[in-house]
$ cat work13.txt   # compact mmCIF, C-alpha atoms
# COMPACT_ATOMS: atom_id res chain seq x y z
CA MET A 1 -15.07 0.23 8.22
CA LYS A 2 -15.59 2.21 5.09
CA ARG A 3 -14.04 1.53 1.67
CA ILE A 4 -12.56 4.51 -0.14
CA GLN A 5 -11.29 4.54 -3.73
CA PHE A 6 -8.70 6.49 -5.68
CA ASN A 7 -7.78 6.35 -9.37
CA GLN A 8 -4.65 7.50 -11.14
CA ASP A 9 -3.79 7.34 -14.84
CA PHE A 10 -0.20 6.76 -15.96
CA ASN A 11 1.29 7.27 -19.39
CA ALA A 12 3.12 3.95 -19.08
CA PRO A 13 2.56 0.20 -19.42
CA ALA A 14 0.90 -1.62 -16.51
CA GLU A 15 4.06 -3.65 -15.92
CA LYS A 16 6.10 -0.50 -15.28
CA VAL A 17 3.47 0.96 -12.92
CA PHE A 18 3.19 -2.36 -11.07
CA ARG A 19 6.95 -2.92 -10.70
CA THR A 20 7.61 0.68 -9.65
CA MET A 21 4.73 0.77 -7.16
CA LEU A 22 5.77 -2.45 -5.42
CA GLY A 23 9.49 -1.70 -5.55
CA LEU A 24 10.22 -4.94 -7.39
CA GLU A 25 13.42 -3.69 -9.03
CA THR A 26 14.49 -1.49 -6.14
CA ILE A 27 12.63 -0.97 -2.87
CA LYS A 28 13.53 2.72 -3.16
CA THR A 29 10.67 3.30 -5.62
CA TYR A 30 8.17 1.93 -3.09
CA GLU A 31 9.76 4.01 -0.33
CA HIS A 32 9.62 7.16 -2.46
CA TRP A 33 5.88 7.22 -3.13
CA THR A 34 4.91 5.89 0.31
CA SER A 35 6.93 8.65 1.98
CA ALA A 36 3.70 10.66 1.66
CA PHE A 37 2.40 8.50 4.53
CA ASN A 38 5.61 8.34 6.56
CA PRO A 39 9.06 9.64 5.49
CA THR A 40 10.64 6.35 6.67
CA SER A 41 8.05 4.06 5.06
CA THR A 42 9.29 0.70 3.78
CA TYR A 43 8.30 -2.96 3.81
CA GLU A 44 9.84 -6.27 4.86
CA GLY A 45 8.73 -9.47 3.18
CA ASN A 46 7.62 -10.27 -0.32
CA TRP A 47 4.59 -9.93 -2.54
CA GLU A 48 3.83 -13.64 -3.09
CA LYS A 49 0.24 -14.69 -2.44
CA GLY A 50 -0.09 -15.95 1.14
CA SER A 51 3.11 -14.26 2.33
CA LYS A 52 3.39 -12.25 5.52
CA ILE A 53 4.60 -8.71 4.92
CA TYR A 54 5.36 -5.84 7.29
CA PHE A 55 4.63 -2.25 6.26
CA ILE A 56 6.83 -0.27 8.61
CA GLY A 57 8.34 3.07 9.45
CA THR A 58 9.68 5.03 12.37
CA GLY A 59 7.04 6.81 14.43
CA GLU A 60 7.19 10.24 15.99
CA ASP A 61 8.41 8.53 19.15
CA GLY A 62 11.47 7.21 17.27
CA LYS A 63 10.26 3.62 17.51
CA ARG A 64 9.75 1.22 14.63
CA GLY A 65 6.14 0.30 14.00
CA GLY A 66 3.58 -0.49 11.36
CA MET A 67 1.20 -3.08 10.02
CA VAL A 68 1.34 -6.86 9.99
CA SER A 69 -0.29 -8.02 6.77
CA GLU A 70 -0.75 -10.87 4.34
CA ILE A 71 -0.72 -10.81 0.57
CA ALA A 72 -4.28 -12.04 -0.05
CA ASP A 73 -3.92 -12.07 -3.83
CA TYR A 74 -1.19 -11.34 -6.37
CA ILE A 75 -1.61 -11.34 -10.13
CA PRO A 76 1.50 -9.80 -11.75
CA ASN A 77 0.82 -6.49 -13.52
CA ARG A 78 -2.93 -6.79 -12.82
CA PHE A 79 -3.91 -6.98 -9.14
CA VAL A 80 -2.59 -7.03 -5.57
CA SER A 81 -4.70 -7.44 -2.45
CA ILE A 82 -3.27 -6.88 1.03
CA ARG A 83 -5.13 -8.02 4.16
CA HIS A 84 -4.08 -6.28 7.36
CA TYR A 85 -4.36 -8.29 10.56
CA GLY A 86 -2.02 -6.81 13.13
CA ILE A 87 0.20 -4.02 14.38
CA LEU A 88 3.97 -4.12 14.70
CA GLU A 89 5.34 -2.23 17.71
CA SER A 90 9.14 -2.35 17.77
CA ASP A 91 9.59 -6.05 16.94
CA GLN A 92 6.40 -7.26 18.63
CA GLU A 93 3.41 -8.41 16.57
CA ILE A 94 0.06 -7.51 18.11
CA THR A 95 -2.78 -9.39 16.44
CA SER A 96 -5.61 -8.98 18.94
CA GLY A 97 -7.06 -6.35 21.21
CA PRO A 98 -9.17 -3.22 20.77
CA GLU A 99 -6.75 -1.31 18.51
CA VAL A 100 -6.45 -4.24 16.10
CA GLU A 101 -10.11 -5.28 16.17
CA LYS A 102 -11.25 -1.89 14.78
CA TRP A 103 -9.71 -2.62 11.38
CA ALA A 104 -8.43 -6.22 11.33
CA GLY A 105 -9.29 -7.92 8.07
CA GLY A 106 -9.31 -4.62 6.21
CA LEU A 107 -8.09 -4.79 2.63
CA GLU A 108 -5.99 -2.65 0.34
CA ASN A 109 -6.66 -3.57 -3.27
CA TYR A 110 -4.67 -2.36 -6.27
CA ALA A 111 -6.03 -3.02 -9.77
CA PHE A 112 -3.98 -2.16 -12.87
CA SER A 113 -5.79 -1.75 -16.20
CA GLU A 114 -3.95 -0.84 -19.41
CA LYS A 115 -5.51 0.50 -22.61
CA ASP A 116 -3.76 2.25 -25.50
CA GLY A 117 -0.58 2.82 -23.49
CA ILE A 118 -2.41 4.36 -20.53
CA THR A 119 -2.55 2.42 -17.26
CA THR A 120 -5.27 3.19 -14.76
CA LEU A 121 -4.49 2.25 -11.19
CA THR A 122 -7.53 1.81 -8.95
CA VAL A 123 -6.81 1.78 -5.22
CA GLU A 124 -9.49 0.59 -2.77
CA VAL A 125 -8.75 0.84 0.94
CA ASP A 126 -10.83 -0.20 3.94
CA ILE A 127 -10.44 2.38 6.71
CA THR A 128 -11.99 3.40 9.98
CA GLU A 129 -13.94 6.67 10.15
CA ASP A 130 -11.20 8.46 12.09
CA TYR A 131 -8.74 8.12 9.16
CA ILE A 132 -10.99 9.28 6.30
CA ASP A 133 -9.72 12.87 6.19
CA TYR A 134 -6.09 11.78 6.49
CA PHE A 135 -6.31 9.26 3.65
CA ASN A 136 -8.42 11.52 1.43
CA THR A 137 -5.53 14.00 1.61
CA THR A 138 -2.55 11.65 1.68
CA TRP A 139 -3.48 9.06 -0.98
CA PRO A 140 -3.69 11.65 -3.80
CA GLU A 141 -0.28 13.01 -2.73
CA ALA A 142 1.21 9.49 -2.74
CA LEU A 143 -0.25 8.70 -6.17
CA THR A 144 1.14 11.97 -7.57
CA LYS A 145 4.60 10.93 -6.33
CA LEU A 146 4.16 7.49 -7.93
CA LYS A 147 3.05 9.07 -11.23
CA ALA A 148 6.16 11.28 -11.31
CA LEU A 149 8.38 8.24 -10.66
CA VAL A 150 6.75 6.10 -13.33
CA GLU A 151 6.59 8.74 -16.04
CA ASN A 152 10.12 10.17 -15.60
$ encode --input "work13.txt" --output "structure tokens"
Amino acid sequence: MKRIQFNQDFNAPAEKVFRTMLGLETIKTYEHWTSAFNPTSTYEGNWEKGSKIYFIGTGEDGKRGGMVSEIADYIPNRFVSIRHYGILESDQEITSGPEVEKWAGGLENYAFSEKDGITTLTVEVDITEDYIDYFNTTWPEALTKLKALVEN
């Protein structure tokens, strides 16, 4: 796997960026910015350290699917780390096999740093080579959507 990084500045306090990004007040804010990845993107679970969380959406085949993950770390308004360890197909968790083994254990890390009213969000994502182009295009789009949400 390869780790890629994206940065986005927000003219807002870290707490607002954090709460909006994770959908802590309303899941709709999370769903809005992650719609860049899948128009039906959402999550089920919570952000507490050690918790299982599903990142899901409806695929082109009309079936529900996504990632089975764990919140590896959670420091309010500062840092979130998500460890992916499985695939969700319909309501079935798949945690082993060739499709999972390619990226199992991969992390998504979100660091929030505030200075003089500007919050910098640093996103680090472990990905397989076949998704580099997709994420290099889609992550900036998603962060632009998040910026618009936070600053409006």
$ residues_near_point --input "work13.txt" --point "(-1.9, -12.1, 1.5)" --cutoff "7 Å" --atoms "only C-alpha atoms" --output "PDB file with C-alpha atoms, in the frame of the given file"
ATOM      1  CA  LYS A  49       0.240 -14.690  -2.440  1.00  0.00           C
ATOM      2  CA  GLY A  50      -0.090 -15.950   1.140  1.00  0.00           C
ATOM      3  CA  SER A  51       3.110 -14.260   2.330  1.00  0.00           C
ATOM      4  CA  LYS A  52       3.390 -12.250   5.520  1.00  0.00           C
ATOM      5  CA  SER A  69      -0.290  -8.020   6.770  1.00  0.00           C
ATOM      6  CA  GLU A  70      -0.750 -10.870   4.340  1.00  0.00           C
ATOM      7  CA  ILE A  71      -0.720 -10.810   0.570  1.00  0.00           C
ATOM      8  CA  ALA A  72      -4.280 -12.040  -0.050  1.00  0.00           C
ATOM      9  CA  ASP A  73      -3.920 -12.070  -3.830  1.00  0.00           C
ATOM     10  CA  SER A  81      -4.700  -7.440  -2.450  1.00  0.00           C
ATOM     11  CA  ILE A  82      -3.270  -6.880   1.030  1.00  0.00           C
ATOM     12  CA  ARG A  83      -5.130  -8.020   4.160  1.00  0.00           C
TER      13      ARG A  83
END
$ residues_near_point --input "work13.txt" --point "(0.0, 12.8, -1.2)" --cutoff "12 Å" --atoms "all atoms listed in the file" --output "list in words"
Phe6, His32, Trp33, Thr34, Ser35, Ala36, Phe37, Asn38, Pro39, Tyr134, Phe135, Asn136, Thr137, Thr138, Trp139, Pro140, Glu141, Ala142, Leu143, Thr144, Lys145, Leu146, Lys147 and Ala148 of chain A
$ closest_residue --input "work13.txt" --among "A:Asp9, A:Gly106, A:Leu121, A:Trp47" --to "Tyr74 in chain A" --atoms "all atoms listed in the file"
A:Trp47
$ atom_distance --input "work13.txt" --atom1 "CA of Ala111 in chain A" --atom2 "CA of Gln5 in chain A"
11.0 Å
$ atom_distance --input "work13.txt" --atom1 "CA of Tyr30 in chain A" --atom2 "CA of Ile118 in chain A"
20.5 Å
$ atom_distance --input "work13.txt" --atom1 "CA of Phe79 in chain A" --atom2 "CA of Thr42 in chain A"
20.0 Å
$ closest_residue --input "work13.txt" --among "A:Glu48, A:Thr122, A:Asp116, A:Leu24" --to "Ile75 in chain A" --atoms "all atoms listed in the file"
A:Glu48
$ closest_residue --input "work13.txt" --among "A:Ile94, A:Met67, A:Ala104, A:Leu22" --to "Asp126 in chain A" --atoms "all atoms listed in the file"
A:Ala104
$ closest_residue --input "work13.txt" --among "A:Val100, A:Arg3, A:Gly66, A:Lys16" --to "Val123 in chain A" --atoms "only C-alpha atoms"
A:Arg3
$ residues_around --input "work13.txt" --residues "Arg19 in chain A" --least-positions-apart "4" --cutoff "9 Å" --atoms "only C-alpha atoms" --output "number ranges by chain"
A: 14-15, 23-26, 29, 76-77
$ closest_residue --input "work13.txt" --among "A:Trp103, A:Tyr110, A:Tyr85, A:Tyr131" --to "Met21 in chain A" --atoms "only C-alpha atoms"
A:Tyr110
$ residues_around --input "work13.txt" --residues "Gln92 in chain A" --least-positions-apart "2" --cutoff "12 Å" --atoms "only C-alpha atoms" --output "number ranges by chain"
A: 54, 63-68, 86-90, 94-95
